[in-house]
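Pasted below: structure_27.txt, compact mmCIF, C-alpha atoms and all ligand atoms.
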```txt
# COMPACT_ATOMS: atom_id res chain seq x y z
CA MET A 23 12.89 -53.92 -19.17
CA ALA A 24 12.50 -50.41 -20.61
CA PRO A 25 12.70 -47.52 -18.10
CA ARG A 26 9.31 -46.33 -19.29
CA LEU A 27 7.80 -49.65 -18.34
CA THR A 28 9.49 -49.63 -14.95
CA LEU A 29 7.72 -46.35 -14.20
CA CYS A 30 4.44 -47.79 -15.34
CA VAL A 31 4.88 -50.88 -13.20
CA ALA A 32 5.81 -48.77 -10.19
CA ALA A 33 2.67 -46.71 -10.70
CA MET A 34 0.54 -49.85 -10.93
CA LEU A 35 2.06 -51.27 -7.78
CA THR A 36 0.40 -48.56 -5.74
CA ILE A 37 -3.09 -49.59 -6.81
CA ILE A 38 -2.88 -53.32 -6.12
CA GLY A 39 -5.39 -54.30 -3.48
CA THR A 40 -7.45 -51.11 -3.66
CA ALA A 41 -10.02 -49.87 -6.17
CA PRO A 42 -8.17 -47.91 -8.86
CA ALA A 43 -9.27 -44.32 -9.38
CA HIS A 44 -8.60 -44.60 -13.12
CA ALA A 45 -7.53 -47.29 -15.52
CA GLU A 46 -3.82 -47.97 -15.97
CA THR A 47 -3.26 -49.59 -19.34
CA LEU A 48 -0.35 -51.79 -20.38
CA TYR A 49 0.08 -53.74 -23.60
CA VAL A 50 2.02 -56.98 -24.01
CA ARG A 51 3.22 -58.22 -27.38
CA ALA A 52 3.38 -62.03 -27.26
CA GLY A 53 5.40 -63.88 -29.90
CA LYS A 54 3.39 -67.01 -29.18
CA LEU A 55 0.45 -67.23 -26.83
CA ILE A 56 -0.85 -70.52 -25.42
CA ASP A 57 -4.65 -70.49 -25.43
CA THR A 58 -5.25 -72.92 -22.58
CA GLN A 59 -9.01 -72.86 -23.04
CA LYS A 60 -8.85 -74.05 -26.64
CA GLY A 61 -5.62 -76.01 -26.33
CA MET A 62 -3.95 -74.16 -29.19
CA VAL A 63 -1.15 -71.70 -29.91
CA LEU A 64 -1.73 -68.22 -31.31
CA VAL A 65 1.06 -66.28 -32.99
CA ASP A 66 1.96 -62.59 -32.56
CA ARG A 67 -0.78 -61.34 -30.23
CA LEU A 68 -1.40 -58.03 -28.52
CA ILE A 69 -2.72 -58.33 -24.99
CA ARG A 70 -4.29 -55.20 -23.52
CA ILE A 71 -4.28 -55.02 -19.72
CA ASP A 72 -6.39 -52.51 -17.81
CA ASP A 73 -5.33 -52.33 -14.17
CA ASP A 74 -4.94 -55.93 -13.02
CA ARG A 75 -7.12 -57.61 -15.67
CA VAL A 76 -6.83 -58.62 -19.30
CA ALA A 77 -9.05 -56.38 -21.42
CA SER A 78 -8.48 -57.90 -24.86
CA VAL A 79 -6.35 -60.35 -26.85
CA THR A 80 -6.06 -59.53 -30.55
CA ALA A 81 -3.74 -60.05 -33.52
CA TYR A 82 -0.76 -57.75 -33.08
CA ALA A 83 -1.12 -54.19 -34.34
CA PRO A 84 0.82 -51.26 -32.86
CA PRO A 85 -0.90 -49.86 -29.75
CA PRO A 86 -1.74 -46.12 -29.56
CA PRO A 87 1.30 -43.78 -29.56
CA GLY A 88 2.77 -43.32 -26.09
CA ALA A 89 1.15 -46.46 -24.71
CA ALA A 90 3.23 -48.63 -22.38
CA ILE A 91 4.15 -51.87 -24.15
CA LEU A 92 6.09 -54.85 -22.97
CA ASP A 93 7.85 -56.62 -25.82
CA TRP A 94 7.60 -60.37 -25.32
CA SER A 95 7.71 -61.05 -29.07
CA GLY A 96 10.63 -63.42 -28.56
CA TYR A 97 8.76 -65.50 -25.98
CA THR A 98 6.01 -68.03 -25.56
CA VAL A 99 3.48 -66.47 -23.19
CA LEU A 100 1.08 -68.55 -21.14
CA PRO A 101 -1.17 -68.00 -18.15
CA GLY A 102 0.41 -67.86 -14.70
CA LEU A 103 0.72 -71.40 -13.38
CA ILE A 104 -1.36 -72.90 -10.56
CA ASP A 105 -0.08 -75.38 -7.99
CA MET A 106 -2.97 -77.08 -6.16
CA HIS A 107 -0.82 -78.62 -3.44
CA THR A 108 1.69 -76.41 -1.64
CA HIS A 109 2.70 -75.86 1.98
CA LEU A 110 4.02 -72.29 1.95
CA ALA A 111 3.60 -71.67 5.66
CA ASP A 112 5.72 -74.51 6.99
CA TRP A 113 9.43 -74.98 7.58
CA GLY A 114 9.69 -77.84 5.09
CA GLN A 115 10.52 -81.49 5.41
CA THR A 116 13.66 -82.53 7.29
CA ASN A 117 14.99 -85.65 9.03
CA ASN A 118 13.67 -84.42 12.40
CA VAL A 119 10.09 -85.43 13.29
CA ALA A 120 10.12 -82.60 15.87
CA GLU A 121 11.03 -79.95 13.26
CA PRO A 122 7.66 -78.11 13.47
CA LEU A 123 8.22 -77.65 17.22
CA LEU A 124 11.53 -75.84 16.69
CA HIS A 125 9.92 -72.76 15.17
CA SER A 126 7.66 -70.12 16.69
CA PRO A 127 4.56 -68.88 14.86
CA GLN A 128 6.40 -65.59 14.33
CA GLU A 129 9.31 -67.35 12.68
CA MET A 130 6.94 -69.34 10.49
CA ALA A 131 5.36 -66.11 9.22
CA TYR A 132 8.71 -64.92 7.89
CA VAL A 133 9.50 -68.32 6.39
CA ALA A 134 6.11 -68.26 4.68
CA LEU A 135 6.88 -64.81 3.27
CA ARG A 136 10.08 -66.17 1.71
CA ASN A 137 8.33 -69.25 0.31
CA ALA A 138 5.55 -67.15 -1.21
CA ARG A 139 8.01 -64.90 -3.04
CA ILE A 140 10.05 -67.83 -4.37
CA THR A 141 6.89 -69.56 -5.62
CA LEU A 142 5.58 -66.49 -7.42
CA ARG A 143 8.95 -65.84 -9.05
CA ALA A 144 8.96 -69.42 -10.33
CA GLY A 145 5.84 -68.59 -12.35
CA PHE A 146 3.20 -69.93 -9.97
CA THR A 147 0.80 -67.01 -9.63
CA THR A 148 -1.90 -69.01 -7.83
CA VAL A 149 -1.72 -71.80 -5.25
CA HIS A 150 -4.04 -73.95 -3.24
CA ASP A 151 -2.10 -74.13 0.00
CA VAL A 152 -3.24 -77.32 1.66
CA GLY A 153 -2.11 -77.06 5.21
CA CYS A 154 0.33 -75.71 7.76
CA PHE A 155 1.12 -76.98 11.24
CA ARG A 156 0.65 -73.58 12.94
CA ALA A 157 -3.04 -73.06 12.19
CA PHE A 158 -4.06 -70.02 10.16
CA THR A 159 -0.51 -68.92 9.23
CA ASP A 160 -1.74 -69.46 5.65
CA VAL A 161 -4.73 -67.15 6.18
CA ALA A 162 -2.44 -64.39 7.45
CA LEU A 163 -0.10 -64.95 4.51
CA ARG A 164 -2.96 -64.74 1.99
CA GLU A 165 -4.15 -61.48 3.57
CA ALA A 166 -0.66 -59.91 3.53
CA ILE A 167 -0.34 -60.80 -0.16
CA ASN A 168 -3.82 -59.49 -0.99
CA ARG A 169 -3.08 -56.21 0.79
CA GLY A 170 0.02 -55.83 -1.36
CA ASP A 171 2.29 -55.86 1.69
CA ILE A 172 4.37 -58.74 0.37
CA GLU A 173 5.00 -60.53 -2.91
CA GLY A 174 3.31 -63.88 -3.44
CA PRO A 175 0.80 -65.91 -5.40
CA ARG A 176 -2.96 -65.67 -5.11
CA MET A 177 -3.81 -68.10 -2.35
CA SER A 178 -6.70 -70.37 -1.51
CA VAL A 179 -6.10 -71.78 1.97
CA VAL A 180 -7.33 -74.46 4.38
CA GLY A 181 -6.12 -73.15 7.79
CA ALA A 182 -5.40 -76.53 9.39
CA TYR A 183 -5.68 -80.23 8.70
CA ILE A 184 -8.87 -82.07 9.64
CA THR A 185 -7.37 -85.28 11.04
CA ILE A 186 -7.97 -87.92 13.68
CA PRO A 187 -5.91 -87.88 16.91
CA GLY A 188 -2.47 -89.17 15.98
CA GLY A 189 -3.43 -89.19 12.29
CA GLY A 190 -1.59 -88.16 9.17
CA GLY A 191 -2.23 -84.45 9.82
CA GLU A 192 -0.79 -84.44 13.32
CA VAL A 193 2.74 -83.69 14.46
CA THR A 194 3.64 -87.14 15.80
CA GLY A 195 6.49 -89.40 16.81
CA PHE A 196 7.11 -88.24 20.39
CA ALA A 197 7.29 -90.00 23.75
CA PRO A 198 3.96 -90.52 25.54
CA GLY A 199 2.79 -87.40 27.34
CA VAL A 200 4.68 -84.89 25.19
CA LYS A 201 2.27 -82.01 24.67
CA VAL A 202 2.00 -80.58 21.17
CA PRO A 203 0.96 -76.86 21.14
CA ASP A 204 -2.76 -76.20 20.77
CA ASP A 205 -2.33 -74.22 17.54
CA MET A 206 -1.00 -77.40 15.93
CA ARG A 207 -4.14 -79.35 16.87
CA VAL A 208 -6.93 -77.03 15.71
CA GLY A 209 -8.23 -79.53 13.16
CA VAL A 210 -8.03 -82.72 15.25
CA VAL A 211 -11.50 -84.30 15.33
CA THR A 212 -13.01 -87.15 17.36
CA ASP A 213 -16.44 -87.67 15.77
CA ALA A 214 -18.80 -86.31 13.12
CA ASN A 215 -20.23 -83.54 15.28
CA ASP A 216 -16.77 -82.44 16.34
CA THR A 217 -15.82 -82.38 12.65
CA ARG A 218 -18.75 -80.10 11.86
CA LEU A 219 -17.76 -77.71 14.66
CA LYS A 220 -14.10 -77.62 13.65
CA VAL A 221 -14.94 -77.05 9.98
CA ASN A 222 -17.21 -74.17 10.99
CA TYR A 223 -14.43 -72.76 13.16
CA LEU A 224 -11.99 -72.84 10.26
CA PHE A 225 -14.41 -70.98 7.99
CA GLN A 226 -15.16 -68.45 10.75
CA HIS A 227 -11.45 -67.64 10.70
CA GLY A 228 -11.08 -67.15 6.99
CA VAL A 229 -10.33 -70.39 5.15
CA ASP A 230 -11.44 -70.99 1.57
CA SER A 231 -11.65 -74.78 1.63
CA ILE A 232 -11.11 -77.82 3.83
CA LYS A 233 -8.36 -80.43 3.72
CA LEU A 234 -9.30 -83.81 5.13
CA ILE A 235 -6.63 -86.32 6.04
CA ALA A 236 -8.68 -89.32 4.97
CA THR A 237 -5.87 -91.87 5.20
CA GLY A 238 -2.48 -92.15 6.83
CA ALA A 239 0.49 -90.25 5.42
CA VAL A 240 3.93 -91.05 4.04
CA LEU A 241 5.65 -88.34 6.06
CA ALA A 242 4.07 -88.85 9.50
CA GLU A 243 5.14 -91.32 12.18
CA GLY A 244 2.67 -93.99 13.25
CA THR A 245 0.34 -93.71 10.26
CA GLU A 246 0.01 -95.87 7.15
CA PRO A 247 -0.96 -94.46 3.74
CA GLY A 248 -3.12 -97.47 2.93
CA THR A 249 -5.26 -97.13 6.07
CA GLN A 250 -8.44 -95.06 6.21
CA GLU A 251 -8.40 -92.71 9.22
CA LEU A 252 -11.38 -90.34 9.15
CA THR A 253 -14.67 -92.24 9.19
CA ASP A 254 -17.25 -92.01 6.41
CA ASP A 255 -19.50 -90.06 8.79
CA GLU A 256 -16.78 -87.56 9.68
CA MET A 257 -16.02 -86.92 6.01
CA ARG A 258 -19.70 -86.48 5.15
CA ALA A 259 -20.08 -84.03 8.05
CA ALA A 260 -17.09 -82.03 6.76
CA VAL A 261 -18.50 -81.83 3.24
CA ILE A 262 -21.93 -80.67 4.47
CA ALA A 263 -20.41 -78.06 6.79
CA ALA A 264 -18.02 -76.78 4.11
CA LYS A 265 -20.85 -76.40 1.61
CA ALA A 266 -22.94 -74.54 4.20
CA ASN A 267 -20.02 -72.12 4.54
CA GLY A 268 -19.71 -71.64 0.78
CA GLY A 269 -16.56 -73.74 0.58
CA TRP A 270 -15.43 -77.11 -0.66
CA VAL A 271 -13.38 -80.09 0.44
CA THR A 272 -10.32 -81.91 -0.76
CA ALA A 273 -9.09 -85.14 0.80
CA HIS A 274 -5.55 -86.35 1.27
CA ALA A 275 -5.97 -90.05 0.50
CA HIS A 276 -3.43 -92.67 -0.54
CA GLY A 277 -5.26 -95.94 0.14
CA ALA A 278 -7.89 -97.35 -2.22
CA GLN A 279 -10.59 -97.65 0.46
CA GLY A 280 -10.05 -94.16 1.88
CA ILE A 281 -10.15 -92.67 -1.62
CA LYS A 282 -13.53 -94.27 -2.38
CA ALA A 283 -14.93 -93.27 1.00
CA ALA A 284 -13.86 -89.66 0.46
CA ILE A 285 -15.36 -89.56 -3.03
CA ASN A 286 -18.62 -91.06 -1.75
CA ALA A 287 -18.64 -88.46 1.05
CA GLY A 288 -18.72 -85.74 -1.61
CA VAL A 289 -15.22 -84.27 -1.79
CA ARG A 290 -14.28 -82.28 -4.88
CA SER A 291 -10.76 -83.67 -5.19
CA ILE A 292 -8.33 -86.29 -3.96
CA GLU A 293 -4.73 -85.39 -3.08
CA HIS A 294 -2.04 -88.00 -3.87
CA ALA A 295 -4.44 -90.85 -4.84
CA SER A 296 -1.37 -93.11 -4.83
CA LEU A 297 -2.99 -96.51 -4.36
CA ILE A 298 -6.26 -95.80 -6.15
CA ASP A 299 -7.78 -98.97 -7.69
CA ASP A 300 -9.82 -99.36 -10.88
CA GLU A 301 -13.06 -99.00 -8.96
CA GLY A 302 -11.80 -95.73 -7.47
CA LEU A 303 -10.77 -94.45 -10.89
CA ALA A 304 -14.22 -95.28 -12.27
CA LEU A 305 -15.86 -93.55 -9.31
CA ALA A 306 -13.75 -90.40 -9.78
CA LYS A 307 -14.63 -90.36 -13.45
CA ALA A 308 -18.37 -90.91 -12.83
CA LYS A 309 -18.60 -88.21 -10.16
CA GLY A 310 -16.32 -85.68 -11.87
CA VAL A 311 -13.90 -85.72 -8.94
CA PHE A 312 -10.46 -84.25 -9.63
CA LEU A 313 -7.27 -86.14 -8.82
CA ASP A 314 -4.29 -84.08 -7.72
CA MET A 315 -1.34 -86.43 -7.98
CA ASP A 316 2.13 -85.28 -6.91
CA ILE A 317 4.05 -87.64 -9.13
CA TYR A 318 7.43 -85.89 -8.92
CA ASP A 319 8.28 -85.70 -5.25
CA GLY A 320 8.74 -89.45 -4.68
CA ASP A 321 12.07 -89.10 -6.47
CA TYR A 322 13.08 -86.17 -4.30
CA ILE A 323 12.16 -88.01 -1.09
CA GLU A 324 14.11 -91.08 -2.17
CA ALA A 325 17.24 -89.12 -3.08
CA VAL A 326 17.35 -86.42 -0.42
CA GLY A 327 15.56 -88.40 2.30
CA THR A 328 18.09 -91.20 1.97
CA LYS A 329 21.04 -88.80 1.98
CA GLU A 330 19.77 -86.79 4.95
CA GLY A 331 18.59 -89.80 6.94
CA TRP A 332 14.86 -89.14 7.07
CA PRO A 333 12.99 -91.67 9.26
CA ALA A 334 13.13 -95.20 7.78
CA GLY A 335 9.34 -95.47 7.83
CA TYR A 336 9.02 -92.38 5.62
CA LEU A 337 11.35 -93.87 3.04
CA ARG A 338 9.60 -97.25 3.11
CA LYS A 339 6.17 -95.68 2.67
CA ASN A 340 7.50 -93.46 -0.11
CA ARG A 341 8.76 -96.55 -1.97
CA GLU A 342 5.39 -98.25 -1.46
CA THR A 343 3.50 -95.37 -3.06
CA THR A 344 5.73 -93.74 -5.69
CA ASP A 345 5.58 -96.21 -8.60
CA ALA A 346 1.98 -97.21 -7.87
CA GLN A 347 0.96 -93.55 -8.01
CA ARG A 348 2.66 -93.02 -11.35
CA GLU A 349 0.99 -96.05 -12.90
CA ALA A 350 -2.36 -94.88 -11.53
CA PHE A 351 -1.70 -91.47 -13.04
CA ARG A 352 -1.11 -93.06 -16.42
CA LYS A 353 -4.44 -94.91 -16.13
CA ALA A 354 -6.21 -91.73 -15.05
CA VAL A 355 -4.90 -89.85 -18.10
CA LYS A 356 -6.15 -92.64 -20.39
CA ALA A 357 -9.53 -92.66 -18.65
CA GLY A 358 -9.97 -88.91 -19.14
CA ILE A 359 -10.22 -88.18 -15.43
CA LYS A 360 -9.80 -84.53 -14.44
CA LEU A 361 -6.18 -84.17 -13.33
CA ALA A 362 -5.05 -81.02 -11.57
CA PHE A 363 -1.44 -79.92 -11.05
CA GLY A 364 -0.38 -80.35 -7.43
CA THR A 365 3.17 -80.96 -6.30
CA ASP A 366 3.42 -81.04 -2.47
CA ALA A 367 6.04 -78.27 -2.63
CA GLY A 368 7.32 -77.91 0.88
CA VAL A 369 8.33 -81.55 0.94
CA TYR A 370 10.87 -80.43 -1.66
CA PRO A 371 12.13 -76.85 -2.09
CA HIS A 372 9.62 -74.17 -3.04
CA GLY A 373 10.17 -72.77 -6.50
CA ALA A 374 10.92 -76.20 -7.98
CA ASN A 375 7.19 -76.83 -8.53
CA ALA A 376 7.56 -77.03 -12.32
CA ARG A 377 9.75 -80.13 -12.12
CA GLN A 378 6.53 -82.11 -12.13
CA PHE A 379 5.64 -81.16 -15.71
CA LYS A 380 8.08 -83.58 -17.29
CA TYR A 381 6.81 -86.40 -15.10
CA MET A 382 3.26 -85.72 -16.22
CA VAL A 383 4.39 -85.96 -19.83
CA ARG A 384 6.46 -89.08 -19.10
CA TYR A 385 3.35 -90.73 -17.63
CA GLY A 386 0.99 -90.04 -20.47
CA MET A 387 0.06 -86.40 -20.91
CA THR A 388 0.88 -84.22 -23.88
CA PRO A 389 2.73 -81.01 -22.95
CA MET A 390 -0.50 -79.11 -23.67
CA GLN A 391 -2.45 -81.36 -21.30
CA ALA A 392 0.15 -80.85 -18.58
CA ILE A 393 -0.04 -77.07 -19.05
CA GLN A 394 -3.84 -77.22 -18.97
CA ALA A 395 -3.63 -79.24 -15.75
CA ALA A 396 -1.71 -76.31 -14.22
CA THR A 397 -4.03 -73.66 -15.65
CA THR A 398 -7.63 -74.30 -16.74
CA VAL A 399 -8.16 -77.58 -14.88
CA SER A 400 -6.74 -76.35 -11.58
CA ALA A 401 -8.65 -73.06 -11.92
CA ASP A 402 -11.82 -75.09 -12.33
CA LEU A 403 -11.04 -77.13 -9.22
CA LEU A 404 -10.45 -73.93 -7.24
CA GLY A 405 -13.76 -72.51 -8.40
CA TRP A 406 -11.81 -69.62 -9.98
CA SER A 407 -12.28 -70.62 -13.61
CA LYS A 408 -13.35 -67.09 -14.63
CA GLN A 409 -10.43 -65.46 -12.80
CA VAL A 410 -7.24 -67.41 -13.48
CA GLY A 411 -5.87 -70.11 -15.76
CA ALA A 412 -6.33 -68.31 -19.07
CA ILE A 413 -5.20 -65.14 -20.83
CA ALA A 414 -8.61 -63.87 -21.87
CA PRO A 415 -10.77 -60.79 -21.29
CA GLY A 416 -11.84 -60.42 -17.68
CA TYR A 417 -9.15 -62.70 -16.28
CA TYR A 418 -6.38 -61.50 -13.99
CA ALA A 419 -3.35 -60.47 -16.00
CA ASP A 420 -1.28 -63.33 -14.60
CA MET A 421 1.24 -64.70 -17.09
CA VAL A 422 4.65 -66.17 -17.63
CA ALA A 423 7.01 -65.85 -20.56
CA VAL A 424 9.58 -68.44 -21.62
CA LYS A 425 12.21 -68.29 -24.38
CA ILE A 426 12.03 -72.03 -25.07
CA ASP A 427 8.65 -73.24 -26.29
CA PRO A 428 7.24 -75.41 -23.46
CA LEU A 429 5.13 -77.36 -25.93
CA ALA A 430 8.39 -78.58 -27.49
CA ASP A 431 10.15 -79.05 -24.13
CA VAL A 432 7.86 -78.82 -21.13
CA SER A 433 10.83 -78.66 -18.75
CA ALA A 434 11.34 -75.09 -20.05
CA LEU A 435 8.76 -74.15 -17.39
CA GLU A 436 11.35 -74.98 -14.72
CA HIS A 437 13.11 -71.74 -15.66
CA VAL A 438 10.58 -69.12 -16.69
CA ASP A 439 12.09 -65.86 -17.92
CA HIS A 440 9.36 -63.44 -16.87
CA VAL A 441 6.41 -63.48 -14.49
CA MET A 442 3.49 -61.06 -14.30
CA LYS A 443 0.80 -61.06 -11.64
CA GLY A 444 -2.20 -58.78 -11.89
CA GLY A 445 -0.53 -56.64 -14.56
CA GLU A 446 2.60 -56.15 -12.48
CA VAL A 447 5.90 -57.58 -13.73
CA VAL A 448 7.51 -59.36 -10.80
CA ARG A 449 10.36 -60.84 -12.78
ZN ZN B 501 0.98 -82.14 1.27
```
Representation of the structure as structure tokens:
Amino acid sequence: MAPRLTLCVAAMLTIIGTAPAHAETLYVRAGKLIDTQKGMVLVDRLIRIDDDRVASVTAYAPPPPGAAILDWSGYTVLPGLIDMHTHLADWGQTNNVAEPLLHSPQEMAYVALRNARITLRAGFTTVHDVGCFRAFTDVALREAINRGDIEGPRMSVVGAYITIPGGGGEVTGFAPGVKVPDDMRVGVVTDANDTRLKVNYLFQHGVDSIKLIATGAVLAEGTEPGTQELTDDEMRAAVIAAKANGGWVTAHAHGAQGIKAAINAGVRSIEHASLIDDEGLALAKAKGVFLDMDIYDGDYIEAVGTKEGWPAGYLRKNRETTDAQREAFRKAVKAGIKLAFGTDAGVYPHGANARQFKYMVRYGMTPMQAIQAATTVSADLLGWSKQVGAIAPGYYADMVAVKIDPLADVSALEHVDHVMKGGEVVR
């Protein structure tokens, strides 16, 4: 990086999060630029950035004398990536079912800070963070990032899991009578009215969207992925309450029945969708519901979970869902269903999010489709389709640069060379 640019970046850093007094302009020369909206590649472009937004994208011509320019002519430049399924504000998966109880809320805040920085530096400039055990740690993290206090992706957050008592969103697996802290049970609901109240409470405390645990989970004791947990009424109540608060709902659902119930209740997306049947696929297609299928991490769970001795039930349930999910993904690609990019990072190490790209290509997508899943499609699901997911006028200047063309080898995205968020080079 040129010293001149370093100065410019330092100057821009001071204006993040507040209204700039005057425009700071930076130019980027992109050797290749992936136009995610049109699904095509443009060669030798000049991107003008004013403050934190893209002002223009034109054929390259030298910018005005003295202007700050970043030379990425040897790189493929694409929009900052979006992961629709992360858990930044949790310790991460281990072999101990009591792991969440070993860490104070204060400790979790610092762990979240680390995870946010690692994720951003891996090229993921936006995430939908879909749950943490200590309620609202994600809201605090989002605010710290937005203030410019710490480095991290743009975050859309859910605050806590909406789950039944003992369900897939609970910390479970203890002897009878063991009391789990109240801040780990903020989203536990017992009926439709309770669901409405809890959803309202989450929005009152700053969440962007709601995560329902519609079925059991792979990585939770005493729950089965194929079994519906929240009732149809509870899910409908959540959707109505979320809409009334200006938000939206996604549902964790593995089992075919739970998936259809969640779609019929009005959710915008389904997480995992492992055991979705043909009827469920048709329903998702007809209603324009997004599927967010984490088709990489089954391999990680099998390898690391076996080595580290994760609970036997976790490993069994992982084996029962991994291949089925991948075959369903292949069908969903063929059917033209909207597929977002969500990884469940947190189950495996943060920063390795991009490992999923090659799986998406292996199971039926073109590299361009996989990149669009992690940009335009996910932006659309977030409701941020005019803000992120494209390098175009008015969008945040969020981008990554890679030496190896990801359209030739999509795994190149596992090692991005440069990352910019809001006009600021972070790597
Ligand atoms: Zn998850």
Counting only C-alpha atoms and all ligand atoms, what are the residues, protein, DNA or RNA alike, that approach ligand ZN 501 (chain B) to within 8 Å? I want them as a ChimeraX atom specification. /A:107-109,152-153,274,293,365-369
Since we have the selection now, will you write its residues out, keeping C-alpha atoms, as a compact mmCIF listing (two decimals), in the coordinates of the input?
```txt
# COMPACT_ATOMS: atom_id res chain seq x y z
CA HIS A 107 -0.82 -78.62 -3.44
CA THR A 108 1.69 -76.41 -1.64
CA HIS A 109 2.70 -75.86 1.98
CA VAL A 152 -3.24 -77.32 1.66
CA GLY A 153 -2.11 -77.06 5.21
CA HIS A 274 -5.55 -86.35 1.27
CA GLU A 293 -4.73 -85.39 -3.08
CA THR A 365 3.17 -80.96 -6.30
CA ASP A 366 3.42 -81.04 -2.47
CA ALA A 367 6.04 -78.27 -2.63
CA GLY A 368 7.32 -77.91 0.88
CA VAL A 369 8.33 -81.55 0.94
```
Spatial neighbours of A:Leu68, max dist 10 Å, only C-alpha atoms, sep filter under 3 positions, as number ranges by chain: A: 49-53, 55, 65, 71, 78-85, 91-95
Compile the contact shell of A:Val289 as an MDAnalysis selection string: residues with an atom at most 7 Å away, counting all atoms listed in the file, same-chain residues fewer than 2 positions apart removed. chainID A and resid 261 271:273 284:285 287 291
From the list A:Met257, A:Val399, A:Val161, A:Val99, the nearest residue to A:Gly228 using only C-alpha atoms is A:Val161
Listing only residues of stretch 206-264 of chain A within 9 Å of stretch 193-196 of chain A, what is the closest atom pair and its distance in Å (to one decimal) for each, using all atoms listed in the file, sorted by chain and residue number ascending, as JSON lines?
```
{"residue": "A:Met206", "atom": "CA", "partner": "A:Val193", "partner_atom": "CA", "distance": 7.5}
{"residue": "A:Arg207", "atom": "CA", "partner": "A:Val193", "partner_atom": "CA", "distance": 8.5}
{"residue": "A:Ala242", "atom": "CA", "partner": "A:Thr194", "partner_atom": "CA", "distance": 6.5}
{"residue": "A:Glu243", "atom": "CA", "partner": "A:Gly195", "partner_atom": "CA", "distance": 5.2}
{"residue": "A:Gly244", "atom": "CA", "partner": "A:Gly195", "partner_atom": "CA", "distance": 7.0}
```
Since we have the selection now, will you write its residues out, keeping C-alpha atoms, as a PDB file, in the coordinates of the input?
```pdb
ATOM      1  CA  MET A 206      -1.000 -77.400  15.930  1.00  0.00           C
ATOM      2  CA  ARG A 207      -4.140 -79.350  16.870  1.00  0.00           C
ATOM      3  CA  ALA A 242       4.070 -88.850   9.500  1.00  0.00           C
ATOM      4  CA  GLU A 243       5.140 -91.320  12.180  1.00  0.00           C
ATOM      5  CA  GLY A 244       2.670 -93.990  13.250  1.00  0.00           C
TER       6      GLY A 244
END
```
With all atoms of stretch 297-303 of chain A from the file as input, state the centre and edge lengths in Å to one decimal of the axis-aligned box that has 8 Å extra on each side, as JSON.
```
{"center_x": -8.0, "center_y": -96.9, "center_z": -7.6, "size_x": 26.1, "size_y": 20.9, "size_z": 22.5}
```
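Our summary of the geometry notes that atom CA of A:Ile292 is positioned 6.4 Å from atom CA of A:Phe312.
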For atom CA of A:Ile393 and atom CA of A:Lys425, quote the distance in Å rounded to one decimal.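 Separating atom CA of A:Ile393 from atom CA of A:Lys425 is a distance of 16.0 Å.
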Expressed in Å to a single decimal, how great is the separation between atom CA of A:Lys265 and atom CA of A:Gly209?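 Going from atom CA of A:Lys265 over to atom CA of A:Gly209, I get 17.4 Å.
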With only C-alpha atoms as the atoms that count, which of A:Thr212, A:Thr185, A:Gln409, A:Gln59 lies nearest to A:Ala236?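 Closest candidate: A:Thr185.
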Identify which of the residues A:Gly248, A:Gly416, A:Gly190, A:Gly268 lies closest to A:Ala346, counting all atoms listed in the file when measuring atom-to-atom distances.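 Looking only at the distances to A:Ala346, the closest residue turns out to be A:Gly248.
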Check the smallest atom-to-atom distance from each of A:Val149, A:Ala283, A:Val240, A:Ala157 to A:Ser126 using all atoms listed in the file, then report the winner.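 Nearest to A:Ser126: A:Ala157.
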Pick the closest to A:Ala264 from A:Pro101, A:Gly288, A:Gly331, A:Pro389: which is it, counting all atoms listed in the file?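 Of A:Pro101, A:Gly288, A:Gly331, A:Pro389, the one nearest A:Ala264, counting all atoms listed in the file, is A:Gly288.
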Got a sec: who's within 10 Å of A:Ala412, counting all atoms listed in the file, leaving out chain neighbours fewer than 5 positions off, as a count of residues only? 20
Can you work out which one of A:Thr388, A:Thr253, A:Thr98, A:Ser400 has the shortest atom-to-atom distance to A:Gly61, counting all atoms listed in the file? A:Thr388
Write out as a list in words the residues lying within 9 Å of A:Ile104, counting all atoms listed in the file and excluding same-chain residues fewer than 5 positions away.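 Within the cut-off, the hits are Gly145, Phe146, Thr147, Thr148, Val149, His150, Pro175, Ala362, Phe363, Gly364, Ala395, Ala396, Thr397, Thr398, Ser400, Ala401, Val410 and Gly411 of chain A.
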Please write as a list in words the list of polymer residues whose atoms come within 9 Å of (-2.1, -98.5, -5.9), counting only C-alpha atoms and keeping to the coordinates of the file.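 Residues with an atom at most 9 Å from (-2.1, -98.5, -5.9): Gly248, His276, Gly277, Ala278, Ala295, Ser296, Leu297, Ile298, Asp299, Glu342, Thr343, Asp345, Ala346, Gln347, Glu349 and Ala350 of chain A.
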Counting only C-alpha atoms, note down every residue that has an atom within 6 Å of the point (-12.5, -81.9, 8.1) (file coordinates), as a PDB file with C-alpha atoms, keeping the file's coordinate frame.
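What follows is the written file point-v6.pdb:
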```
ATOM      1  CA  ILE A 184      -8.870 -82.070   9.640  1.00  0.00           C
ATOM      2  CA  THR A 217     -15.820 -82.380  12.650  1.00  0.00           C
ATOM      3  CA  VAL A 221     -14.940 -77.050   9.980  1.00  0.00           C
ATOM      4  CA  LEU A 234      -9.300 -83.810   5.130  1.00  0.00           C
ATOM      5  CA  ALA A 260     -17.090 -82.030   6.760  1.00  0.00           C
TER       6      ALA A 260
END
```
Taking only C-alpha atoms, show stretch 330-335 of chain A of the given structure as an mmCIF file, in the first residue's frame.
```cif
data_model
loop_
_atom_site.group_PDB
_atom_site.id
_atom_site.type_symbol
_atom_site.label_atom_id
_atom_site.label_comp_id
_atom_site.auth_asym_id
_atom_site.auth_seq_id
_atom_site.Cartn_x
_atom_site.Cartn_y
_atom_site.Cartn_z
ATOM 1 C CA GLU A 330 -12.397 -34.206 19.635
ATOM 2 C CA GLY A 331 -15.088 -36.561 20.900
ATOM 3 C CA TRP A 332 -18.177 -34.409 20.454
ATOM 4 C CA PRO A 333 -21.344 -36.060 21.855
ATOM 5 C CA ALA A 334 -22.272 -39.215 19.899
ATOM 6 C CA GLY A 335 -25.764 -37.875 19.220
#
```
